[in-house]
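J.: Supplied structure: protein-v8.cif, mmCIF, C-alpha atoms and all ligand atoms.
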data_start
loop_
_atom_site.label_atom_id
_atom_site.label_comp_id
_atom_site.auth_asym_id
_atom_site.auth_seq_id
_atom_site.Cartn_x
_atom_site.Cartn_y
_atom_site.Cartn_z
CA MET O 1 21.29 -132.28 -158.23
CA THR O 2 19.62 -131.08 -155.06
CA ILE O 3 16.32 -129.68 -153.84
CA LEU O 4 15.69 -127.69 -150.66
CA VAL O 5 12.48 -128.04 -148.68
CA SER O 6 11.43 -125.95 -145.69
CA GLY O 7 9.19 -127.27 -142.92
CA GLY O 8 10.14 -130.88 -143.67
CA CYS O 9 9.72 -131.99 -140.04
CA GLY O 10 5.98 -131.24 -140.11
CA PHE O 11 3.17 -133.48 -141.28
CA ILE O 12 3.19 -132.99 -145.06
CA GLY O 13 6.89 -132.16 -145.34
CA SER O 14 8.01 -135.36 -143.63
CA ASN O 15 5.68 -137.47 -145.77
CA PHE O 16 7.08 -135.67 -148.83
CA ILE O 17 10.73 -136.32 -147.84
CA ILE O 18 10.12 -140.01 -147.07
CA ASP O 19 8.31 -140.44 -150.43
CA TRP O 20 11.02 -138.47 -152.25
CA LEU O 21 13.90 -140.56 -150.90
CA SER O 22 12.09 -143.78 -151.80
CA ARG O 23 11.67 -142.66 -155.43
CA GLU O 24 14.34 -140.19 -156.48
CA LYS O 25 18.12 -140.26 -156.60
CA GLU O 26 18.38 -136.57 -155.81
CA LYS O 27 19.63 -134.98 -152.58
CA ILE O 28 17.04 -133.28 -150.39
CA ILE O 29 17.92 -130.63 -147.80
CA ASN O 30 15.38 -129.99 -145.02
CA LEU O 31 15.37 -126.57 -143.32
CA ASP O 32 13.10 -126.56 -140.27
CA ASN O 33 13.18 -124.53 -137.07
CA LEU O 34 11.35 -127.25 -135.10
CA THR O 35 8.34 -125.43 -133.72
CA TYR O 36 5.91 -127.44 -131.59
CA ALA O 37 4.67 -128.97 -134.89
CA GLY O 38 8.11 -129.99 -136.14
CA ASN O 39 9.22 -133.44 -135.09
CA ILE O 40 12.65 -134.71 -136.03
CA ASN O 41 11.54 -138.27 -135.19
CA ASN O 42 9.18 -138.24 -138.18
CA LEU O 43 12.31 -138.67 -140.28
CA SER O 44 14.19 -141.21 -138.18
CA SER O 45 13.76 -143.82 -140.96
CA VAL O 46 15.80 -141.67 -143.39
CA LYS O 47 18.21 -139.86 -141.08
CA ASP O 48 21.19 -141.95 -142.23
CA ASN O 49 20.35 -141.72 -145.92
CA ASP O 50 23.26 -140.05 -147.78
CA ASP O 51 20.79 -138.05 -149.86
CA TYR O 52 19.16 -136.46 -146.81
CA VAL O 53 20.45 -133.42 -144.87
CA PHE O 54 18.67 -131.74 -141.95
CA ILE O 55 19.40 -128.11 -141.06
CA HIS O 56 17.91 -126.53 -137.97
CA GLY O 57 16.97 -122.97 -138.96
CA ASP O 58 14.28 -120.43 -139.74
CA ILE O 59 13.01 -119.50 -143.22
CA GLY O 60 13.02 -115.90 -141.96
CA ASP O 61 16.77 -115.96 -141.26
CA LYS O 62 18.19 -114.64 -144.52
CA SER O 63 21.83 -115.28 -143.75
CA THR O 64 21.25 -118.95 -142.84
CA VAL O 65 19.11 -119.43 -145.94
CA SER O 66 21.72 -117.74 -148.16
CA LYS O 67 24.47 -119.94 -146.72
CA ILE O 68 22.40 -123.08 -147.42
CA LEU O 69 21.71 -121.96 -150.99
CA GLU O 70 25.39 -121.22 -151.68
CA THR O 71 26.54 -124.49 -150.12
CA TYR O 72 24.06 -126.85 -151.75
CA ASN O 73 23.11 -125.06 -154.98
CA PRO O 74 19.54 -126.38 -155.16
CA ARG O 75 17.74 -126.47 -158.51
CA ALA O 76 14.43 -126.01 -156.67
CA VAL O 77 12.94 -124.94 -153.34
CA ILE O 78 9.63 -126.16 -151.90
CA ASN O 79 8.18 -124.05 -149.11
CA PHE O 80 6.15 -126.15 -146.65
CA ALA O 81 7.15 -124.12 -143.57
CA ALA O 82 4.21 -122.40 -141.92
CA GLU O 83 2.12 -122.06 -138.81
CA SER O 84 -0.77 -124.25 -139.91
CA HIS O 85 -3.50 -124.59 -137.27
CA VAL O 86 -6.58 -122.35 -137.52
CA ASP O 87 -7.50 -122.70 -133.83
CA ARG O 88 -4.01 -121.61 -132.75
CA SER O 89 -4.29 -118.59 -135.06
CA ILE O 90 -7.40 -117.53 -133.13
CA TYR O 91 -5.68 -117.83 -129.74
CA GLY O 92 -2.37 -116.28 -130.86
CA PRO O 93 -2.14 -114.70 -134.32
CA GLU O 94 1.40 -113.32 -134.09
CA PRO O 95 3.46 -116.40 -135.07
CA PHE O 96 1.26 -116.67 -138.18
CA ILE O 97 2.20 -113.17 -139.28
CA LYS O 98 5.84 -113.77 -138.35
CA THR O 99 6.39 -117.03 -140.22
CA ASN O 100 3.75 -117.14 -142.93
CA ILE O 101 4.10 -113.53 -144.07
CA VAL O 102 7.39 -112.01 -142.83
CA GLY O 103 9.24 -115.35 -142.88
CA THR O 104 8.11 -116.11 -146.44
CA PHE O 105 9.18 -112.60 -147.47
CA HIS O 106 12.74 -113.07 -146.11
CA PHE O 107 12.88 -116.55 -147.62
CA LEU O 108 11.90 -115.13 -151.01
CA GLU O 109 14.48 -112.37 -150.71
CA ALA O 110 17.32 -114.82 -150.00
CA ILE O 111 16.15 -117.02 -152.87
CA ARG O 112 15.89 -114.09 -155.26
CA SER O 113 19.52 -113.03 -154.59
CA TYR O 114 20.70 -116.61 -155.11
CA TRP O 115 18.62 -117.06 -158.26
CA GLU O 116 19.73 -113.77 -159.82
CA ASN O 117 23.34 -114.92 -159.66
CA LEU O 118 22.79 -118.31 -161.26
CA ALA O 119 24.09 -119.07 -164.76
CA GLU O 120 21.40 -118.44 -167.40
CA ILE O 121 20.50 -122.10 -167.95
CA ASN O 122 20.20 -122.80 -164.19
CA LYS O 123 18.21 -119.60 -163.80
CA ASN O 124 15.64 -120.77 -166.34
CA ASN O 125 15.38 -124.22 -164.85
CA PHE O 126 15.10 -123.04 -161.21
CA ARG O 127 11.72 -123.43 -159.45
CA PHE O 128 10.24 -122.06 -156.22
CA LEU O 129 7.13 -124.07 -155.28
CA HIS O 130 4.98 -122.53 -152.57
CA ILE O 131 2.65 -124.94 -150.72
CA SER O 132 -0.62 -123.25 -149.88
CA THR O 133 -4.17 -124.06 -148.92
CA ASP O 134 -7.69 -123.95 -150.34
CA GLU O 135 -8.67 -121.91 -147.25
CA VAL O 136 -7.48 -118.73 -149.00
CA TYR O 137 -10.65 -118.86 -151.11
CA GLY O 138 -12.93 -118.48 -148.08
CA SER O 139 -16.11 -120.43 -147.40
CA LEU O 140 -18.55 -122.01 -149.90
CA SER O 141 -22.32 -122.20 -149.58
CA SER O 142 -23.80 -125.68 -149.96
CA GLU O 143 -24.79 -125.09 -153.61
CA ALA O 144 -21.66 -123.23 -154.78
CA PRO O 145 -19.32 -124.98 -157.24
CA PRO O 146 -15.95 -126.08 -155.83
CA PHE O 147 -13.00 -123.64 -155.79
CA LYS O 148 -11.25 -123.06 -159.10
CA GLU O 149 -7.88 -121.33 -159.48
CA THR O 150 -9.80 -118.28 -160.73
CA ASN O 151 -11.88 -117.86 -157.55
CA PRO O 152 -11.19 -114.59 -155.71
CA TYR O 153 -9.21 -114.78 -152.48
CA GLU O 154 -11.55 -114.28 -149.50
CA PRO O 155 -9.65 -115.57 -146.43
CA ASN O 156 -11.60 -115.55 -143.17
CA SER O 157 -9.20 -116.82 -140.50
CA ILE O 158 -5.87 -115.38 -139.42
CA TYR O 159 -4.28 -118.59 -140.72
CA SER O 160 -5.86 -118.31 -144.17
CA ALA O 161 -5.23 -114.56 -144.35
CA SER O 162 -1.55 -115.11 -143.58
CA LYS O 163 -1.33 -117.86 -146.21
CA ALA O 164 -3.13 -115.61 -148.72
CA ALA O 165 -0.60 -112.85 -148.03
CA SER O 166 2.27 -115.27 -148.67
CA ASP O 167 0.63 -116.45 -151.92
CA HIS O 168 0.39 -112.83 -153.05
CA LEU O 169 4.07 -112.24 -152.26
CA VAL O 170 5.02 -115.30 -154.30
CA ARG O 171 2.88 -114.08 -157.19
CA ALA O 172 4.48 -110.63 -156.99
CA TYR O 173 8.02 -112.07 -156.99
CA HIS O 174 7.17 -113.79 -160.24
CA HIS O 175 5.56 -110.77 -161.88
CA THR O 176 8.10 -108.25 -160.63
CA TYR O 177 11.39 -110.16 -160.69
CA ARG O 178 10.44 -113.10 -162.97
CA LEU O 179 11.40 -115.55 -160.19
CA PRO O 180 10.15 -118.92 -161.57
CA THR O 181 7.46 -119.64 -158.99
CA LEU O 182 4.64 -122.15 -158.74
CA THR O 183 1.88 -122.23 -156.12
CA SER O 184 -0.36 -125.12 -155.08
CA ASN O 185 -3.58 -124.72 -153.08
CA CYS O 186 -4.56 -128.01 -151.50
CA SER O 187 -7.55 -129.17 -149.49
CA ASN O 188 -7.40 -130.79 -146.02
CA ASN O 189 -4.80 -133.55 -145.81
CA TYR O 190 -4.82 -136.57 -143.52
CA GLY O 191 -2.47 -139.52 -142.96
CA PRO O 192 0.59 -140.58 -140.94
CA TYR O 193 2.55 -138.04 -138.84
CA GLN O 194 -0.23 -135.43 -138.59
CA PHE O 195 0.01 -133.50 -135.34
CA PRO O 196 -2.87 -134.56 -133.05
CA GLU O 197 -4.31 -131.06 -132.78
CA LYS O 198 -6.03 -131.51 -136.18
CA LEU O 199 -9.43 -133.21 -136.39
CA ILE O 200 -8.54 -136.72 -137.59
CA PRO O 201 -5.51 -137.56 -135.40
CA LEU O 202 -7.11 -135.75 -132.42
CA VAL O 203 -10.24 -137.89 -132.66
CA ILE O 204 -8.26 -141.13 -132.99
CA TYR O 205 -6.08 -140.20 -130.01
CA ASN O 206 -9.03 -139.08 -127.85
CA ALA O 207 -11.08 -142.15 -128.75
CA LEU O 208 -8.31 -144.55 -127.72
CA SER O 209 -7.64 -142.54 -124.55
CA GLY O 210 -11.30 -142.72 -123.47
CA LYS O 211 -11.78 -138.97 -123.91
CA GLN O 212 -14.55 -136.97 -125.55
CA LEU O 213 -14.54 -136.55 -129.33
CA PRO O 214 -15.12 -132.79 -129.69
CA ILE O 215 -17.19 -131.67 -132.69
CA TYR O 216 -17.54 -127.94 -133.21
CA GLY O 217 -21.04 -126.51 -133.71
CA ASP O 218 -23.51 -128.77 -135.52
CA GLY O 219 -20.81 -130.97 -137.13
CA LYS O 220 -22.08 -130.14 -140.61
CA ASN O 221 -19.08 -128.12 -141.76
CA ILE O 222 -17.61 -129.73 -144.85
CA ARG O 223 -13.97 -130.35 -145.78
CA ASP O 224 -12.57 -132.04 -148.92
CA TRP O 225 -10.13 -134.68 -147.63
CA LEU O 226 -6.99 -135.82 -149.44
CA PHE O 227 -4.61 -138.58 -148.35
CA VAL O 228 -1.18 -137.00 -147.82
CA SER O 229 0.75 -139.19 -150.29
CA ASP O 230 -1.66 -138.06 -153.05
CA HIS O 231 -0.75 -134.47 -152.15
CA CYS O 232 2.93 -135.44 -152.39
CA SER O 233 2.45 -136.93 -155.86
CA ALA O 234 0.75 -133.71 -157.00
CA ILE O 235 3.65 -131.64 -155.63
CA ARG O 236 6.21 -133.76 -157.51
CA LEU O 237 4.22 -133.33 -160.73
CA ILE O 238 3.87 -129.57 -160.33
CA LEU O 239 7.57 -129.25 -159.57
CA ASN O 240 8.55 -131.18 -162.67
CA ALA O 241 5.92 -130.12 -165.18
CA GLY O 242 3.96 -127.15 -163.79
CA LYS O 243 3.88 -123.97 -165.84
CA VAL O 244 5.94 -121.19 -164.26
CA GLY O 245 3.84 -118.46 -162.63
CA GLU O 246 0.76 -120.69 -162.40
CA THR O 247 -1.26 -121.89 -159.43
CA TYR O 248 -2.75 -125.39 -159.15
CA ASN O 249 -5.64 -126.52 -156.96
CA ILE O 250 -5.27 -130.00 -155.46
CA GLY O 251 -8.21 -131.79 -153.88
CA GLY O 252 -9.53 -135.13 -152.90
CA LEU O 253 -13.01 -135.10 -154.46
CA ASN O 254 -14.01 -136.31 -150.99
CA GLU O 255 -16.41 -133.81 -149.44
CA LYS O 256 -17.47 -134.96 -145.98
CA THR O 257 -19.13 -133.31 -143.01
CA ASN O 258 -17.08 -133.38 -139.82
CA LEU O 259 -19.71 -135.60 -138.23
CA GLU O 260 -19.36 -138.12 -141.10
CA VAL O 261 -15.58 -138.12 -140.66
CA VAL O 262 -15.81 -138.72 -136.92
CA GLN O 263 -18.45 -141.44 -137.32
CA THR O 264 -16.26 -143.18 -139.92
CA LEU O 265 -13.29 -143.04 -137.55
CA CYS O 266 -15.41 -144.51 -134.76
CA SER O 267 -16.61 -147.43 -136.85
CA ILE O 268 -13.07 -148.28 -138.04
CA LEU O 269 -11.84 -148.12 -134.44
CA ASP O 270 -14.80 -150.30 -133.34
CA GLU O 271 -13.57 -152.91 -135.83
CA LEU O 272 -9.80 -152.64 -135.28
CA GLN O 273 -9.63 -151.97 -131.54
CA PRO O 274 -13.05 -152.45 -129.91
CA ARG O 275 -13.69 -150.84 -126.54
CA ASP O 276 -13.49 -153.22 -123.56
CA ASP O 277 -17.12 -152.47 -122.59
CA GLY O 278 -18.43 -153.35 -126.07
CA PHE O 279 -19.88 -149.87 -126.68
CA SER O 280 -19.05 -147.95 -129.84
CA TYR O 281 -16.49 -145.12 -129.73
CA ALA O 282 -19.34 -143.00 -131.16
CA THR O 283 -20.73 -142.76 -127.61
CA GLN O 284 -17.73 -140.48 -126.87
CA ILE O 285 -18.88 -137.87 -129.44
CA SER O 286 -19.55 -134.49 -127.86
CA PHE O 287 -20.79 -131.34 -129.61
CA ILE O 288 -18.97 -128.28 -128.27
CA THR O 289 -19.00 -124.50 -128.86
CA ASP O 290 -18.19 -123.65 -132.45
CA ARG O 291 -14.84 -122.24 -133.64
CA ALA O 292 -14.96 -118.45 -134.08
CA GLY O 293 -15.51 -117.58 -137.75
CA HIS O 294 -15.73 -121.28 -138.68
CA ASP O 295 -15.73 -121.68 -142.50
CA ARG O 296 -18.72 -123.76 -143.53
CA ARG O 297 -17.50 -125.61 -146.59
CA TYR O 298 -14.35 -126.11 -148.66
CA ALA O 299 -14.26 -128.08 -151.92
CA ILE O 300 -11.71 -128.21 -154.71
CA ASP O 301 -12.14 -128.37 -158.45
CA ALA O 302 -8.96 -130.20 -159.47
CA THR O 303 -9.67 -130.16 -163.22
CA LYS O 304 -6.63 -128.03 -164.06
CA ILE O 305 -4.01 -130.30 -162.50
CA GLN O 306 -5.82 -133.38 -163.80
CA GLU O 307 -6.02 -132.13 -167.38
CA GLU O 308 -2.70 -130.26 -167.64
CA LEU O 309 -0.49 -132.55 -165.59
CA GLY O 310 -2.43 -135.84 -165.56
CA TRP O 311 -2.67 -135.99 -161.74
CA GLN O 312 -5.08 -138.45 -160.10
CA PRO O 313 -5.31 -139.32 -156.41
CA ILE O 314 -4.77 -143.02 -155.69
CA GLN O 315 -6.61 -143.28 -152.38
CA SER O 316 -10.35 -142.92 -151.90
CA PHE O 317 -11.43 -141.52 -148.53
CA GLU O 318 -12.42 -145.05 -147.46
CA THR O 319 -9.02 -146.65 -148.24
CA GLY O 320 -6.99 -143.68 -146.99
CA ILE O 321 -8.81 -143.29 -143.69
CA TYR O 322 -8.59 -147.02 -142.95
CA GLN O 323 -4.80 -146.96 -143.49
CA THR O 324 -4.55 -143.84 -141.36
CA VAL O 325 -6.36 -145.35 -138.36
CA LYS O 326 -4.19 -148.46 -138.64
CA TRP O 327 -1.05 -146.29 -138.68
CA TYR O 328 -2.05 -144.38 -135.52
CA ILE O 329 -2.85 -147.62 -133.70
CA LYS O 330 0.48 -149.14 -134.73
CA ASN O 331 2.45 -146.00 -133.92
CA SER O 332 1.03 -145.25 -130.49
CA ASP O 333 4.60 -144.45 -129.27
CA TRP O 334 4.83 -141.60 -131.77
CA VAL O 335 1.54 -140.17 -130.47
CA GLN O 336 2.56 -140.75 -126.86
CA ASN O 337 5.79 -138.76 -127.31
CA ILE O 338 3.94 -135.81 -128.81
CA THR O 339 1.02 -135.74 -126.44
CA SER O 340 3.17 -135.39 -123.36
CA GLY O 341 4.21 -131.94 -122.12
CA ALA O 342 3.29 -128.80 -124.02
CA TYR O 343 0.54 -130.53 -126.01
CA GLN O 344 -1.55 -130.86 -122.83
CA ASP O 345 -1.34 -127.10 -122.23
CA TRP O 346 -2.80 -126.44 -125.67
CA ILE O 347 -5.61 -128.98 -125.19
CA LYS O 348 -6.50 -127.46 -121.80
CA LYS O 349 -6.63 -123.98 -123.32
CA ARG O 350 -8.66 -124.93 -126.41
CA TYR O 351 -11.12 -127.40 -124.90
CA ALA O 352 -11.59 -125.83 -121.46
CA VAL O 353 -15.25 -125.87 -120.53
P1 LIG B 401 2.74 -128.60 -139.84
O1 LIG B 401 2.26 -127.55 -138.90
O2 LIG B 401 2.54 -130.02 -139.52
O3 LIG B 401 4.31 -128.40 -140.08
C1 LIG B 401 4.91 -127.16 -140.30
C2 LIG B 401 6.42 -127.34 -140.25
O4 LIG B 401 7.04 -126.07 -140.54
C3 LIG B 401 6.95 -127.78 -138.88
O5 LIG B 401 7.93 -128.78 -139.04
C4 LIG B 401 7.56 -126.52 -138.31
O6 LIG B 401 8.63 -126.77 -137.40
C5 LIG B 401 8.05 -125.83 -139.58
N1 LIG B 401 8.18 -124.37 -139.45
C6 LIG B 401 7.27 -123.51 -138.92
N2 LIG B 401 7.75 -122.25 -138.94
C7 LIG B 401 8.99 -122.33 -139.50
C8 LIG B 401 9.98 -121.38 -139.79
N3 LIG B 401 9.80 -120.08 -139.51
N4 LIG B 401 11.13 -121.78 -140.37
C9 LIG B 401 11.33 -123.10 -140.64
N5 LIG B 401 10.42 -124.05 -140.39
C10 LIG B 401 9.27 -123.68 -139.81
O7 LIG B 401 2.09 -128.22 -141.24
P2 LIG B 401 1.58 -129.18 -142.42
O8 LIG B 401 0.22 -129.64 -142.12
O9 LIG B 401 2.65 -130.17 -142.72
O10 LIG B 401 1.49 -128.12 -143.61
C11 LIG B 401 2.61 -127.85 -144.45
C12 LIG B 401 2.23 -126.76 -145.44
O11 LIG B 401 1.11 -127.19 -146.21
C13 LIG B 401 1.79 -125.45 -144.77
O12 LIG B 401 2.31 -124.39 -145.52
C14 LIG B 401 0.27 -125.48 -144.83
O13 LIG B 401 -0.25 -124.17 -144.90
C15 LIG B 401 0.05 -126.23 -146.13
N6 LIG B 401 -1.21 -127.00 -146.22
C16 LIG B 401 -1.55 -127.87 -145.22
C17 LIG B 401 -2.73 -128.61 -145.33
C18 LIG B 401 -3.14 -129.61 -144.27
O14 LIG B 401 -4.25 -130.15 -144.34
N7 LIG B 401 -2.31 -129.92 -143.30
C19 LIG B 401 -3.55 -128.46 -146.47
C20 LIG B 401 -3.14 -127.57 -147.47
C21 LIG B 401 -1.97 -126.85 -147.33
P1 LIG B 402 -8.80 -128.99 -138.73
O1 LIG B 402 -8.28 -130.39 -138.79
O2 LIG B 402 -8.34 -128.09 -137.63
O3 LIG B 402 -8.50 -128.33 -140.17
P2 LIG B 402 -9.05 -126.93 -140.81
O4 LIG B 402 -9.61 -126.08 -139.73
O5 LIG B 402 -7.80 -126.35 -141.39
O6 LIG B 402 -10.06 -127.33 -141.84
O7 LIG B 402 -10.39 -129.05 -138.68
C1 LIG B 402 -11.12 -129.75 -139.66
C2 LIG B 402 -12.59 -129.52 -139.36
O8 LIG B 402 -12.91 -130.16 -138.11
C3 LIG B 402 -12.94 -128.07 -139.19
O9 LIG B 402 -14.25 -127.84 -139.74
C4 LIG B 402 -12.97 -127.85 -137.69
C5 LIG B 402 -13.43 -129.21 -137.17
N1 LIG B 402 -12.91 -129.60 -135.83
C6 LIG B 402 -13.80 -130.07 -134.86
O10 LIG B 402 -15.03 -130.15 -135.08
N2 LIG B 402 -13.29 -130.43 -133.65
C7 LIG B 402 -11.97 -130.34 -133.36
O11 LIG B 402 -11.56 -130.66 -132.19
C8 LIG B 402 -11.06 -129.88 -134.37
C9 LIG B 402 -9.59 -129.76 -134.09
C10 LIG B 402 -11.59 -129.53 -135.60
#
What does this structure look like when you write it as structure tokens?

T.:
Amino acid sequence: MTILVSGGCGFIGSNFIIDWLSREKEKIINLDNLTYAGNINNLSSVKDNDDYVFIHGDIGDKSTVSKILETYNPRAVINFAAESHVDRSIYGPEPFIKTNIVGTFHFLEAIRSYWENLAEINKNNFRFLHISTDEVYGSLSSEAPPFKETNPYEPNSIYSASKAASDHLVRAYHHTYRLPTLTSNCSNNYGPYQFPEKLIPLVIYNALSGKQLPIYGDGKNIRDWLFVSDHCSAIRLILNAGKVGETYNIGGLNEKTNLEVVQTLCSILDELQPRDDGFSYATQISFITDRAGHDRRYAIDATKIQEELGWQPIQSFETGIYQTVKWYIKNSDWVQNITSGAYQDWIKKRYAV
């Protein structure tokens, strides 16, 4: 048996593949077109595993996708591939429309043709799991209850709007064609292999490089943080036991302001790799102009996946963030490779004063 994942060279996809190969005896095919966020080196530890196959290609390229489906006959597809950074969607929305909306549409079309020609039993057992975000629900006030699956979609950024559009397409492919789809909407992830444009790896990298730790606005925006391997365990559960046509919210039960997150990172770094001058990394914190349209608060109500599928995260924020800082310190070569070249152009554009 085989599964196909797209976007497996990104942050969550590569964690998912590494976890998968350490647990399952099932082949996993990774289709990724290696954008700036895709890093083949994330998977160097599994590249020689007989159950792992990498294919360089675009989810929007129907003929490549069809060829992969015919060759490998997957019983399931998991769609991680996306443009994923809100700030980049402000500076350049087009790739978000191209991959997240049009790309997902072509991907679904290729999968529908493949699925329609499967034998009845394989047709019933087939699954398409679409990985989405809690950001499609919009922004919560401080008193509002966390997002449930029944919350209306109110996306505010180009990123979240493009993900919302892809979620709607997936829903429509189920209702119209009966394609056996599942959708998960997860909160902010953190952990190994996250591209250092996102808050947590950016702050660790900047701290250790003696740079400013940029906090947008007043630093009181809230995110609900989940350690990436807990997201991966939820995905495996949904794939195996989720009810076709349903959506599942996944969240960490870890609501933190951005300032709290950055202060926590600073105190772990103070302990693990103190600055030469004895000052805390917190002295590098700098409040900068807010992100346009910055959502104030996200929080997930994960009752449905907990009650229906028995999912529980293993890591608390405290244990997960400690492991994460240790990983970035130990893997400074990985960060160094990424932060050379094009990465600097992005940082100059985003954080120019
Ligand atoms: P990422 O940006 O780190 O990785 C995305 C991967 O997709 C990269 O390897 C990239 O090369 C690949 N990709 C992009 N466009 C492609 C295309 N057209 N064809 C094939 N591959 C393509 O993203 P991530 O943080 O790993 O997120 C993965 C998924 O999870 C995304 O769909 C994202 O919306 C969703 N999600 C992320 C978070 C989070 O906190 N990171 C939270 C909830 C949901
Ligand atoms: P990010 O990691 O980009 O994820 P998302 O925007 O998808 O939630 O940002 C997390 C939070 O941190 C968000 O409220 C924006 C904020 N942030 C900063 O304050 N400074 C930064 O340099 C970055 C990248 C993010």

J.: Name the residues, by chain letter and number, that sit within 9 Å of ligand LIG 402 (chain B) using all atoms listed in the file, and give them as a PyMOL selection string.

T.: chain O and resi 84-87+133+135+159-160+187-190+196-203+213-224+257-259+261-262+287-288+290-291+294-298+350-351

J.: Name the residues in contact with Phe279 (chain O) at a cut-off of 12 Å, using all atoms listed in the file, excluding same-chain residues fewer than 4 positions from it; report them as a list of chain:residue names.

T.: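 Final neighbour list, sorted by chain and number: O:Ala207, O:Gly210, O:Cys266, O:Ser267, O:Leu269, O:Asp270, O:Glu271, O:Gln273, O:Pro274, O:Arg275, O:Thr283, O:Gln284.
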
J.: Find the residue from O:Pro313, O:Pro192, O:Gly138, O:Gly245 that sits nearest to Leu179 (chain O); use only C-alpha atoms when measuring.

T.: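 Ranking O:Pro313, O:Pro192, O:Gly138, O:Gly245 by distance to Leu179 (chain O), first place goes to O:Gly245.
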
J.: For ligand LIG 401 (chain B), what centre and edge lengths in Å (one decimal) does the axis-aligned box get once 3 Å is added on each side of all its listed atoms, as JSON?

T.:
{"center_x": 3.5, "center_y": -125.1, "center_z": -142.4, "size_x": 21.6, "size_y": 16.1, "size_z": 16.1}

J.: With all atoms listed in the file as the counted atoms, please give the residues lying no more than 7 Å from Val53 (chain O), apart from itself and same-chain residues fewer than 6 positions off, as a list in words.

T.: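 Residues near the query, excluding close chain neighbours: Ile28, Ile29 and Asn30 of chain O.
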
J.: From the list O:Glu308, O:Glu109, O:Asp301, O:Glu26, which residue is nearest Asn49 (chain O) when using all atoms listed in the file?

T.: O:Glu26

J.: List as a ChimeraX atom specification the protein and nucleic acid residues lying within 8 Å of ligand LIG 401 (chain B), with all atoms listed in the file counted.

T.: /O:6-14,31-39,56-60,79-85,98-100,103,130-135,163,185-190,194-195

J.: In file coordinates, which residues lie within 7 Å of (10.1, -123.4, -160.9) using only C-alpha atoms, given as JSON, numbers by chain?

T.: {"O": [76, 125, 126, 127, 128, 129, 180, 181, 182, 239, 244]}

J.: Starting from the incomplete input, reconstruct N, CA and C atoms of region 68-81 of chain O and write that as a compact mmCIF listing (two decimals), keeping the file's coordinate frame.

T.:
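Once written, selection31.txt looks like this:
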# COMPACT_ATOMS: atom_id res chain seq x y z
N ILE O 68 22.86 -121.75 -146.95
CA ILE O 68 22.40 -123.08 -147.42
C ILE O 68 22.36 -123.09 -148.96
N LEU O 69 21.85 -122.02 -149.53
CA LEU O 69 21.71 -121.96 -150.99
C LEU O 69 23.09 -122.00 -151.66
N GLU O 70 24.04 -121.23 -151.09
CA GLU O 70 25.39 -121.22 -151.68
C GLU O 70 26.09 -122.57 -151.51
N THR O 71 25.86 -123.21 -150.37
CA THR O 71 26.54 -124.49 -150.12
C THR O 71 25.98 -125.61 -150.99
N TYR O 72 24.66 -125.67 -151.11
CA TYR O 72 24.06 -126.85 -151.75
C TYR O 72 23.57 -126.62 -153.17
N ASN O 73 23.51 -125.36 -153.60
CA ASN O 73 23.11 -125.06 -154.98
C ASN O 73 21.84 -125.77 -155.46
N PRO O 74 20.74 -125.64 -154.75
CA PRO O 74 19.54 -126.38 -155.16
C PRO O 74 18.99 -125.90 -156.50
N ARG O 75 18.39 -126.83 -157.24
CA ARG O 75 17.74 -126.47 -158.51
C ARG O 75 16.29 -126.05 -158.26
N ALA O 76 15.81 -126.34 -157.01
CA ALA O 76 14.43 -126.01 -156.67
C ALA O 76 14.27 -125.88 -155.16
N VAL O 77 13.28 -125.09 -154.76
CA VAL O 77 12.94 -124.94 -153.34
C VAL O 77 11.44 -125.18 -153.20
N ILE O 78 11.06 -125.97 -152.19
CA ILE O 78 9.63 -126.16 -151.90
C ILE O 78 9.37 -125.63 -150.50
N ASN O 79 8.43 -124.71 -150.39
CA ASN O 79 8.18 -124.05 -149.11
C ASN O 79 6.95 -124.63 -148.40
N PHE O 80 7.22 -125.58 -147.49
CA PHE O 80 6.15 -126.15 -146.65
C PHE O 80 6.03 -125.38 -145.33
N ALA O 81 7.09 -124.68 -144.93
CA ALA O 81 7.15 -124.12 -143.57
C ALA O 81 6.02 -123.12 -143.35
